[in-house]
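Novice: So here's run.tsv (TSV, C-alpha atoms and all ligand atoms).
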chain	number	residue	atom	x	y	z
A	48	MET	CA	60.20	180.87	20.57
A	49	VAL	CA	58.64	177.44	20.23
A	50	GLY	CA	60.61	176.49	23.36
A	51	VAL	CA	58.97	179.11	25.55
A	52	ILE	CA	55.49	178.27	24.22
A	53	GLU	CA	56.06	174.57	24.99
A	54	GLU	CA	57.33	175.44	28.46
A	55	TYR	CA	54.30	177.64	28.97
A	56	PHE	CA	51.90	174.87	27.91
A	57	LYS	CA	53.67	172.43	30.26
A	58	ALA	CA	53.45	174.87	33.18
A	59	ASN	CA	49.76	175.38	32.44
A	60	GLU	CA	49.15	171.63	32.25
A	61	ALA	CA	50.91	171.12	35.57
A	62	ARG	CA	48.52	173.64	37.08
A	63	GLY	CA	45.46	171.96	35.58
A	64	VAL	CA	44.53	174.28	32.73
A	65	GLY	CA	41.03	173.38	31.69
A	66	ALA	CA	40.23	171.73	35.00
A	67	GLU	CA	37.04	173.31	36.26
A	68	THR	CA	38.09	172.88	39.86
A	69	SER	CA	41.40	174.71	39.57
A	70	GLY	CA	41.41	178.26	40.81
A	71	ARG	CA	44.90	178.87	39.46
A	72	ARG	CA	44.54	178.05	35.79
A	73	PRO	CA	45.88	180.61	33.36
A	74	ASP	CA	42.37	180.23	31.90
A	75	ALA	CA	41.98	181.51	28.35
A	76	ALA	CA	45.27	179.74	27.45
A	77	ALA	CA	43.13	176.62	27.16
A	78	GLY	CA	41.50	178.04	24.03
A	79	LEU	CA	44.70	179.20	22.27
A	80	ASP	CA	47.16	177.16	20.23
A	81	ALA	CA	50.78	177.68	19.20
A	82	ALA	CA	49.72	179.60	16.08
A	83	ASP	CA	47.93	182.17	18.26
A	84	TYR	CA	51.09	182.71	20.33
A	85	LYS	CA	53.19	183.06	17.18
A	86	ALA	CA	50.78	185.73	15.93
A	87	LEU	CA	51.09	187.55	19.28
A	88	ALA	CA	54.90	187.23	19.09
A	89	ARG	CA	54.89	188.94	15.69
A	90	ARG	CA	53.04	191.88	17.22
A	91	LEU	CA	54.62	192.18	20.67
A	92	GLY	CA	58.06	190.92	19.73
A	93	ARG	CA	59.44	187.47	20.61
A	94	THR	CA	61.52	188.60	23.57
A	95	ARG	CA	58.75	190.62	25.11
A	96	LEU	CA	56.26	187.77	24.67
A	97	ARG	CA	58.75	185.43	26.37
A	98	GLN	CA	59.06	187.87	29.28
A	99	ARG	CA	55.27	188.18	29.50
A	100	LEU	CA	54.55	184.44	29.44
A	101	ASN	CA	57.20	183.68	32.05
A	102	THR	CA	55.82	186.41	34.31
A	103	GLN	CA	52.29	185.11	33.74
A	104	ILE	CA	53.46	181.70	35.04
A	105	ASP	CA	54.57	183.44	38.26
A	106	HIS	CA	51.24	185.22	38.54
A	107	ALA	CA	49.21	182.08	37.83
A	108	ALA	CA	51.09	180.38	40.67
A	109	GLY	CA	50.31	183.31	42.96
A	110	ASP	CA	54.03	184.03	43.31
A	111	ALA	CA	53.80	187.69	42.40
A	112	HIS	CA	52.03	190.34	44.39
A	113	GLN	CA	50.71	193.82	43.87
A	114	ASP	CA	53.31	196.21	45.12
A	115	ALA	CA	50.88	198.22	47.23
A	116	ILE	CA	52.37	200.54	49.77
A	117	LEU	CA	50.21	200.93	52.85
A	118	LEU	CA	52.21	201.75	55.92
A	119	GLY	CA	54.62	199.01	54.81
A	120	LEU	CA	52.13	196.31	55.80
A	121	SER	CA	51.13	194.99	52.40
A	122	ARG	CA	53.43	191.94	52.63
A	123	LEU	CA	52.07	190.91	56.00
A	124	LEU	CA	48.33	191.42	55.64
A	125	ASP	CA	45.69	190.83	53.02
A	126	ILE	CA	44.74	194.45	52.41
A	127	ASP	CA	41.40	193.57	50.78
A	128	VAL	CA	40.23	191.45	53.73
A	129	LEU	CA	41.46	194.09	56.14
A	130	ALA	CA	39.61	196.89	54.30
A	131	ASP	CA	36.39	194.87	54.06
A	132	ARG	CA	36.41	193.99	57.79
A	133	ALA	CA	37.26	197.51	58.88
A	134	VAL	CA	34.48	199.00	56.76
A	135	ARG	CA	31.91	196.49	58.09
A	136	LEU	CA	33.02	197.19	61.64
A	137	LEU	CA	32.54	200.91	61.08
A	138	GLY	CA	29.06	200.32	59.64
A	139	ILE	CA	29.85	202.08	56.35
A	140	HIS	CA	29.91	199.06	54.00
A	141	ARG	CA	26.61	199.91	52.23
A	142	TRP	CA	27.75	203.47	51.70
A	143	GLY	CA	31.03	202.28	50.18
A	144	TYR	CA	29.21	199.83	47.89
A	145	ARG	CA	26.81	202.53	46.70
A	146	ASN	CA	29.83	204.71	45.90
A	147	PHE	CA	31.38	201.81	43.92
A	148	LEU	CA	28.37	201.75	41.57
A	149	ASP	CA	27.93	205.54	41.39
A	150	LEU	CA	29.74	206.05	38.07
A	151	HIS	CA	30.49	209.71	37.41
A	152	LEU	CA	30.66	211.04	33.86
A	153	VAL	CA	33.68	213.38	33.84
A	154	GLU	CA	33.50	215.66	30.79
A	155	ARG	CA	36.66	217.68	30.29
A	156	PRO	CA	38.79	219.48	27.71
A	157	LEU	CA	42.13	217.87	26.86
A	158	ARG	CA	44.26	220.80	25.72
A	159	HIS	CA	47.59	220.73	23.91
A	160	PRO	CA	49.28	223.66	22.14
A	161	ARG	CA	50.52	221.44	19.29
A	162	LEU	CA	47.10	219.94	18.51
A	163	PRO	CA	46.27	220.32	14.80
A	164	LYS	CA	43.23	222.60	14.52
A	165	ALA	CA	41.30	219.96	12.56
A	166	LEU	CA	41.54	217.56	15.52
A	167	SER	CA	39.96	220.11	17.85
A	168	GLY	CA	36.62	218.82	19.10
A	169	LEU	CA	37.48	215.11	18.77
A	170	ARG	CA	35.78	213.33	21.68
A	171	ILE	CA	37.49	210.38	23.31
A	172	LEU	CA	35.70	208.14	25.79
A	173	GLN	CA	38.14	206.62	28.29
A	174	LEU	CA	37.27	203.62	30.44
A	175	SER	CA	39.91	202.20	32.74
A	176	ASP	CA	40.46	199.47	35.32
A	177	LEU	CA	37.12	197.81	34.67
A	178	HIS	CA	37.79	194.74	36.88
A	179	LEU	CA	34.42	193.59	35.59
A	180	ASP	CA	34.43	190.26	37.45
A	181	LEU	CA	34.61	191.94	40.87
A	182	ASP	CA	30.87	192.38	41.25
A	183	PRO	CA	27.99	191.13	39.09
A	184	ALA	CA	26.14	194.48	39.18
A	185	LEU	CA	28.90	196.60	37.63
A	186	GLY	CA	28.58	195.52	33.97
A	187	HIS	CA	24.87	196.27	33.89
A	188	VAL	CA	25.25	199.64	35.65
A	189	LEU	CA	28.08	200.64	33.31
A	190	ARG	CA	26.19	199.75	30.13
A	191	ARG	CA	23.18	201.71	31.35
A	192	ARG	CA	25.36	204.71	32.31
A	193	LEU	CA	26.92	204.75	28.84
A	194	SER	CA	23.64	204.99	26.97
A	195	GLY	CA	23.30	208.45	25.48
A	196	VAL	CA	27.00	209.33	25.92
A	197	ASP	CA	28.29	210.62	22.58
A	198	TYR	CA	31.93	210.26	21.45
A	199	ASP	CA	34.08	209.66	18.36
A	200	LEU	CA	36.57	207.16	19.72
A	201	GLY	CA	36.71	204.78	22.67
A	202	VAL	CA	39.80	203.72	24.62
A	203	ILE	CA	40.26	201.28	27.52
A	204	THR	CA	43.47	201.72	29.52
A	205	GLY	CA	43.87	198.22	30.92
A	206	ASP	CA	42.90	195.92	33.80
A	207	PHE	CA	39.86	193.97	32.68
A	208	ARG	CA	40.16	191.38	35.47
A	209	ASN	CA	39.96	191.86	39.24
A	210	THR	CA	42.84	189.73	40.50
A	211	THR	CA	46.12	188.89	38.80
A	212	ASP	CA	45.73	185.12	38.98
A	213	ALA	CA	42.04	184.13	38.70
A	214	ASP	CA	40.13	182.77	35.73
A	215	HIS	CA	39.94	185.39	32.99
A	216	ASP	CA	36.77	184.02	31.40
A	217	PRO	CA	34.18	185.93	33.52
A	218	SER	CA	35.81	189.31	32.83
A	219	VAL	CA	36.16	188.46	29.11
A	220	ALA	CA	32.44	187.58	28.94
A	221	GLU	CA	31.52	190.84	30.70
A	222	THR	CA	33.81	192.82	28.39
A	223	MET	CA	32.14	191.25	25.36
A	224	ALA	CA	28.75	192.39	26.67
A	225	LEU	CA	30.20	195.87	27.22
A	226	LEU	CA	31.55	195.98	23.64
A	227	GLY	CA	27.98	195.60	22.44
A	228	ALA	CA	27.11	198.84	24.23
A	229	LEU	CA	30.09	200.88	22.94
A	230	ARG	CA	30.44	202.92	19.78
A	231	HIS	CA	33.40	201.65	17.75
A	232	PRO	CA	36.30	201.91	17.10
A	233	VAL	CA	37.49	201.04	20.59
A	234	TYR	CA	41.22	200.58	21.30
A	235	ALA	CA	42.80	199.11	24.43
A	236	VAL	CA	46.04	198.28	26.19
A	237	LEU	CA	46.68	195.45	28.62
A	238	GLY	CA	47.10	196.17	32.33
A	239	ASN	CA	49.04	194.38	35.03
A	240	HIS	CA	45.97	192.26	35.86
A	241	ASP	CA	45.60	191.00	32.28
A	242	PHE	CA	47.04	187.91	30.64
A	243	ILE	CA	47.75	188.19	26.94
A	244	GLU	CA	45.34	185.35	26.23
A	245	ILE	CA	42.42	187.78	26.37
A	246	VAL	CA	43.62	189.52	23.20
A	247	PRO	CA	42.42	187.04	20.49
A	248	PRO	CA	38.87	186.50	21.83
A	249	LEU	CA	38.27	190.21	22.54
A	250	GLU	CA	39.69	191.24	19.16
A	251	ARG	CA	37.29	188.81	17.50
A	252	ALA	CA	34.54	190.68	19.40
A	253	GLY	CA	35.66	194.01	17.92
A	254	LEU	CA	38.13	195.47	20.45
A	255	ARG	CA	41.55	196.35	19.00
A	256	PHE	CA	44.53	195.99	21.34
A	257	LEU	CA	47.67	198.04	20.86
A	258	LEU	CA	50.61	195.79	21.77
A	259	ASN	CA	53.41	198.33	21.38
A	260	GLU	CA	51.61	199.37	18.20
A	261	VAL	CA	50.25	202.49	16.51
A	262	VAL	CA	47.10	203.15	14.50
A	263	THR	CA	46.00	206.30	12.73
A	264	VAL	CA	42.71	207.99	13.54
A	265	ARG	CA	41.45	210.43	10.90
A	266	HIS	CA	39.24	213.34	11.86
A	267	ASN	CA	38.32	216.32	9.64
A	268	GLY	CA	41.17	215.38	7.30
A	269	ALA	CA	43.84	215.42	10.06
A	270	VAL	CA	45.61	212.43	11.60
A	271	LEU	CA	45.93	211.46	15.25
A	272	TYR	CA	48.62	208.86	15.85
A	273	LEU	CA	47.20	206.61	18.56
A	274	GLY	CA	49.84	204.41	20.18
A	275	GLY	CA	49.55	201.86	22.94
A	276	VAL	CA	52.13	199.98	25.00
A	277	ASP	CA	51.99	196.76	26.95
A	278	ASP	CA	51.93	196.88	30.74
A	279	PRO	CA	54.90	198.69	32.34
A	280	ASN	CA	53.97	197.82	35.92
A	281	PHE	CA	54.20	194.03	36.43
A	282	TYR	CA	55.27	192.77	33.02
A	283	ARG	CA	57.58	195.63	31.96
A	284	THR	CA	56.95	194.66	28.34
A	285	HIS	CA	56.17	198.21	27.24
A	286	ASP	CA	58.19	199.50	24.29
A	287	LEU	CA	57.76	203.25	24.05
A	288	ALA	CA	60.65	203.56	21.59
A	289	ALA	CA	59.03	201.18	19.08
A	290	VAL	CA	55.76	203.08	19.28
A	291	ARG	CA	57.44	206.47	18.89
A	292	GLU	CA	59.52	205.20	15.95
A	293	ALA	CA	56.29	204.33	14.12
A	294	ILE	CA	55.06	207.94	14.37
A	295	PRO	CA	56.42	210.70	12.11
A	296	ASP	CA	58.50	213.31	13.94
A	297	ASP	CA	55.88	216.01	13.46
A	298	GLY	CA	52.85	213.72	13.91
A	299	PHE	CA	50.52	214.50	16.82
A	300	SER	CA	50.52	211.53	19.19
A	301	LEU	CA	48.30	210.16	21.91
A	302	LEU	CA	49.71	207.28	23.96
A	303	LEU	CA	47.73	204.71	25.95
A	304	CYS	CA	49.75	203.27	28.82
A	305	HIS	CA	48.16	201.41	31.72
A	306	SER	CA	50.23	203.08	34.46
A	307	PRO	CA	51.40	206.71	34.61
A	308	GLU	CA	54.78	205.60	35.99
A	309	THR	CA	56.25	205.92	32.47
A	310	TYR	CA	55.58	209.68	32.39
A	311	ARG	CA	59.26	210.62	32.27
A	312	GLU	CA	60.08	208.19	29.46
A	313	ALA	CA	56.96	209.19	27.50
A	314	ALA	CA	57.88	212.88	27.76
A	315	GLY	CA	61.45	212.09	26.77
A	316	TYR	CA	60.34	210.27	23.65
A	317	GLY	CA	58.25	213.29	22.71
A	318	PHE	CA	54.72	211.96	23.01
A	319	ASP	CA	52.10	214.73	23.15
A	320	ILE	CA	49.33	213.18	25.28
A	321	MET	CA	49.26	210.14	27.57
A	322	LEU	CA	46.13	208.51	29.02
A	323	SER	CA	46.55	206.09	31.91
A	324	GLY	CA	44.76	204.45	34.83
A	325	HIS	CA	45.97	201.77	37.26
A	326	THR	CA	46.01	203.89	40.43
A	327	HIS	CA	42.23	203.95	41.11
A	328	GLY	CA	43.05	207.33	42.64
A	329	GLY	CA	43.55	205.37	45.85
A	330	GLN	CA	39.93	204.06	45.75
A	331	ILE	CA	39.60	204.27	49.55
A	332	CYS	CA	40.54	207.81	50.41
A	333	LEU	CA	40.31	210.34	53.17
A	334	PRO	CA	37.92	213.28	52.76
A	335	GLY	CA	39.27	215.47	49.98
A	336	GLY	CA	40.36	212.43	47.98
A	337	TYR	CA	43.70	211.90	49.74
A	338	ALA	CA	44.78	208.36	48.79
A	339	LEU	CA	45.84	206.05	51.64
A	340	ALA	CA	47.57	203.57	49.32
A	341	ARG	CA	49.43	203.88	46.06
A	342	VAL	CA	50.31	201.17	43.59
A	343	CYS	CA	52.95	202.78	41.40
A	344	ASP	CA	55.89	205.12	41.66
A	345	ALA	CA	54.44	208.09	39.79
A	346	PRO	CA	54.40	211.32	41.81
A	347	ARG	CA	51.15	212.07	43.62
A	348	PRO	CA	49.95	214.71	41.10
A	349	MET	CA	50.09	212.03	38.37
A	350	GLN	CA	48.08	209.50	40.40
A	351	ALA	CA	44.69	211.02	39.56
A	352	GLY	CA	43.26	213.47	37.03
A	353	PRO	CA	45.04	215.91	34.73
A	354	TRP	CA	48.77	216.59	34.89
A	355	GLN	CA	51.62	217.87	32.76
A	356	TYR	CA	55.29	217.00	32.57
A	357	ARG	CA	57.38	219.05	30.15
A	358	GLY	CA	55.62	218.82	26.75
A	359	LEU	CA	53.55	215.81	27.79
A	360	VAL	CA	49.92	216.42	28.73
A	361	GLY	CA	48.57	213.55	30.81
A	362	TYR	CA	45.42	212.28	32.40
A	363	THR	CA	45.15	209.45	34.91
A	364	SER	CA	41.67	208.00	35.30
A	365	VAL	CA	40.76	207.01	38.86
A	366	GLY	CA	39.10	203.99	37.28
A	367	THR	CA	35.67	202.95	36.10
A	368	GLY	CA	35.63	199.79	38.19
A	369	SER	CA	37.31	199.06	41.49
A	370	CYS	CA	39.91	196.59	42.61
A	371	GLY	CA	39.91	194.00	45.39
A	372	VAL	CA	36.77	195.16	47.19
A	373	PRO	CA	33.64	196.74	45.65
A	374	LEU	CA	34.02	199.79	47.86
A	375	ARG	CA	34.96	203.40	47.31
A	376	PHE	CA	35.26	206.36	49.63
A	377	PHE	CA	35.89	209.97	48.62
A	378	CYS	CA	37.05	208.81	45.18
A	379	PRO	CA	34.10	208.17	42.84
A	380	PRO	CA	34.59	205.85	39.86
A	381	GLU	CA	34.55	207.59	36.50
A	382	ILE	CA	33.74	207.39	32.83
A	383	THR	CA	35.91	210.05	31.23
A	384	LEU	CA	34.89	212.01	28.14
A	385	HIS	CA	37.85	213.98	26.82
A	386	ARG	CA	37.38	216.69	24.19
A	387	LEU	CA	40.58	217.59	22.34
A	388	GLU	CA	41.27	221.33	22.13
A	389	GLN	CA	44.16	223.48	20.99
A	390	GLY	CA	45.64	225.62	23.74
B	401	FE	FE	46.58	198.04	37.18
Show the structure stored in the file as structure tokens.
Specialist:
Amino acid sequence: MVGVIEEYFKANEARGVGAETSGRRPDAAAGLDAADYKALARRLGRTRLRQRLNTQIDHAAGDAHQDAILLGLSRLLDIDVLADRAVRLLGIHRWGYRNFLDLHLVERPLRHPRLPKALSGLRILQLSDLHLDLDPALGHVLRRRLSGVDYDLGVITGDFRNTTDADHDPSVAETMALLGALRHPVYAVLGNHDFIEIVPPLERAGLRFLLNEVVTVRHNGAVLYLGGVDDPNFYRTHDLAAVREAIPDDGFSLLLCHSPETYREAAGYGFDIMLSGHTHGGQICLPGGYALARVCDAPRPMQAGPWQYRGLVGYTSVGTGSCGVPLRFFCPPEITLHRLEQG
């Protein structure tokens, strides 16, 4: 393990970690030492941390790309630049930006027949795909929108940063400000845009990450087993089996997983509920919310909103923030307030 940490430090040094002028530094790594990585290895597992760090090196170098599928052109064109130019040309940029900041509060029942009666009524606030460094207005608008929203438990389903290779520090600072406006406890999983270095500073600020881990949430004397896996999309360091093993056979489980593409595995392992994000619901859609682009292999019904697969009840948030460009069309950003119910 020490070997991979040393290699990682060397790769970071070669890219100028800590140099203010470098746009490619794996940022928060500058503030972590070998002991921090060993602590993360104990939680995530040594092999999975190795896989994550090596993939992070690729991302920091800009060698890995979002696997967006848009008419097969994503490898040839910068989709964000293309979208921005097209929207300006059409004269609808201001409209799209207003939509980006128009956060909708989606209040909905989350029903499951196996839900213990005592857990009925538990309210879970879900934020997803914050990408808080995309636009300076978003953090303020989000904090204001959250005031007066009442819930028992908060969850964040990954993607704190806008791009996969920029400095993490601005999004970490914005997330810390957000944590001051949230009712705790708040649990989170990492997304494909997140380096693992954000975990120690954000945990010190009160956010608890689930790195293939499980915690118990008690409500009216009953227990909800809340599990969370690492990112299955870029890093593929998710370990659903380890999470399921830590939950009693008859325990009622809710899984946080950044991308819904693991729906089949999660159902197979017998999870009861899965909350995800990642897709942004397409973000720039045709009227009716038909997504022009998709970023993971989950079937279209699992790309946005409620869905079910066998015994697994799922919900995919279309995202609280936006990715790439601060624009949305026919796909408003959301703050989701789930209320658990039996049925
Ligand atoms: Fe994502």
Novice: Compile the contact shell of A:Val202 as a list in words: residues with an atom at most 9 Å away, counting all atoms listed in the file, same-chain residues fewer than 5 positions apart removed.
Specialist: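 My list of contacting residues is Ile171, Leu172, Gln173, Leu174, Ser175, Pro232, Val233, Tyr234, Ala235, Val236 and Leu303 of chain A.
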Novice: Given the selection you just returned, output its residues as a file containing C-alpha atoms, formatted as an mmCIF file, keeping the file's coordinate frame.
Specialist:
data_model
loop_
_atom_site.group_PDB
_atom_site.id
_atom_site.type_symbol
_atom_site.label_atom_id
_atom_site.label_comp_id
_atom_site.auth_asym_id
_atom_site.auth_seq_id
_atom_site.Cartn_x
_atom_site.Cartn_y
_atom_site.Cartn_z
ATOM 1 C CA ILE A 171 37.490 210.380 23.310
ATOM 2 C CA LEU A 172 35.700 208.140 25.790
ATOM 3 C CA GLN A 173 38.140 206.620 28.290
ATOM 4 C CA LEU A 174 37.270 203.620 30.440
ATOM 5 C CA SER A 175 39.910 202.200 32.740
ATOM 6 C CA PRO A 232 36.300 201.910 17.100
ATOM 7 C CA VAL A 233 37.490 201.040 20.590
ATOM 8 C CA TYR A 234 41.220 200.580 21.300
ATOM 9 C CA ALA A 235 42.800 199.110 24.430
ATOM 10 C CA VAL A 236 46.040 198.280 26.190
ATOM 11 C CA LEU A 303 47.730 204.710 25.950
#
Novice: Provide the atom CA of A:Gly274 to atom CA of A:Val246 distance in Å, to one decimal place.
Specialist: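 Computing the Euclidean distance for atom CA of A:Gly274 and atom CA of A:Val246 yields 16.4 Å.
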Novice: Counting all atoms listed in the file, what residues are within 8 Å of ligand FE 401 (chain B), given as a ChimeraX atom specification?
Specialist: /A:176,205-206,238-240,280,305-306,324-326
Novice: Please identify all polymer residues within 8 Å of A:Asp149, counting only C-alpha atoms, omitting same-chain residues fewer than 3 positions from it, and present them as an NGL selection string.
Specialist: :A and (145-146 or 379-380)
Novice: Can those selected residues be exported to a file as a JSON list (two decimals), in the coordinates of the input so that it contains C-alpha atoms?
Specialist:
[["chain", "number", "residue", "atom", "x", "y", "z"],
["A", 145, "ARG", "CA", 26.81, 202.53, 46.70],
["A", 146, "ASN", "CA", 29.83, 204.71, 45.90],
["A", 379, "PRO", "CA", 34.10, 208.17, 42.84],
["A", 380, "PRO", "CA", 34.59, 205.85, 39.86]]
Novice: Determine the nearest neighbour of A:Cys378 from the options A:Pro183, A:Pro307, A:Pro295, A:Gly143, counting only C-alpha atoms.
Specialist: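 Nearest candidate to A:Cys378 out of A:Pro183, A:Pro307, A:Pro295, A:Gly143: A:Gly143.
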Novice: Which residue, A:Ala82, A:Phe56, A:His159, A:Gln330, has the smallest gap to A:Gly390 when you use only C-alpha atoms?
Specialist: A:His159
Novice: Kindly extract all protein, DNA and RNA residues lying within 12 Å of the coordinates (47.1, 217.6, 34.4) given in the file, considering all atoms listed in the file, and supply them as number ranges by chain.
Specialist: A: 155-159, 307, 310, 320-323, 347-364
Novice: Quote the spacing between atom CA of A:Leu226 and atom CA of A:Gly201 in Å to one decimal place.
Specialist: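 Distance reported for this atom pair: 10.2 Å.
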Novice: What does the distance between atom CA of A:Arg170 and atom CA of A:Leu200 come to in Å, to one decimal place?
Specialist: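 It comes out at 6.5 Å.
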Novice: Using all atoms listed in the file, can you tell me which of A:Leu96, A:Val51, A:Ile104, A:Leu179 comes closest to A:Asp286?
Specialist: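 Under the stated criterion, the closest residue is A:Leu96.
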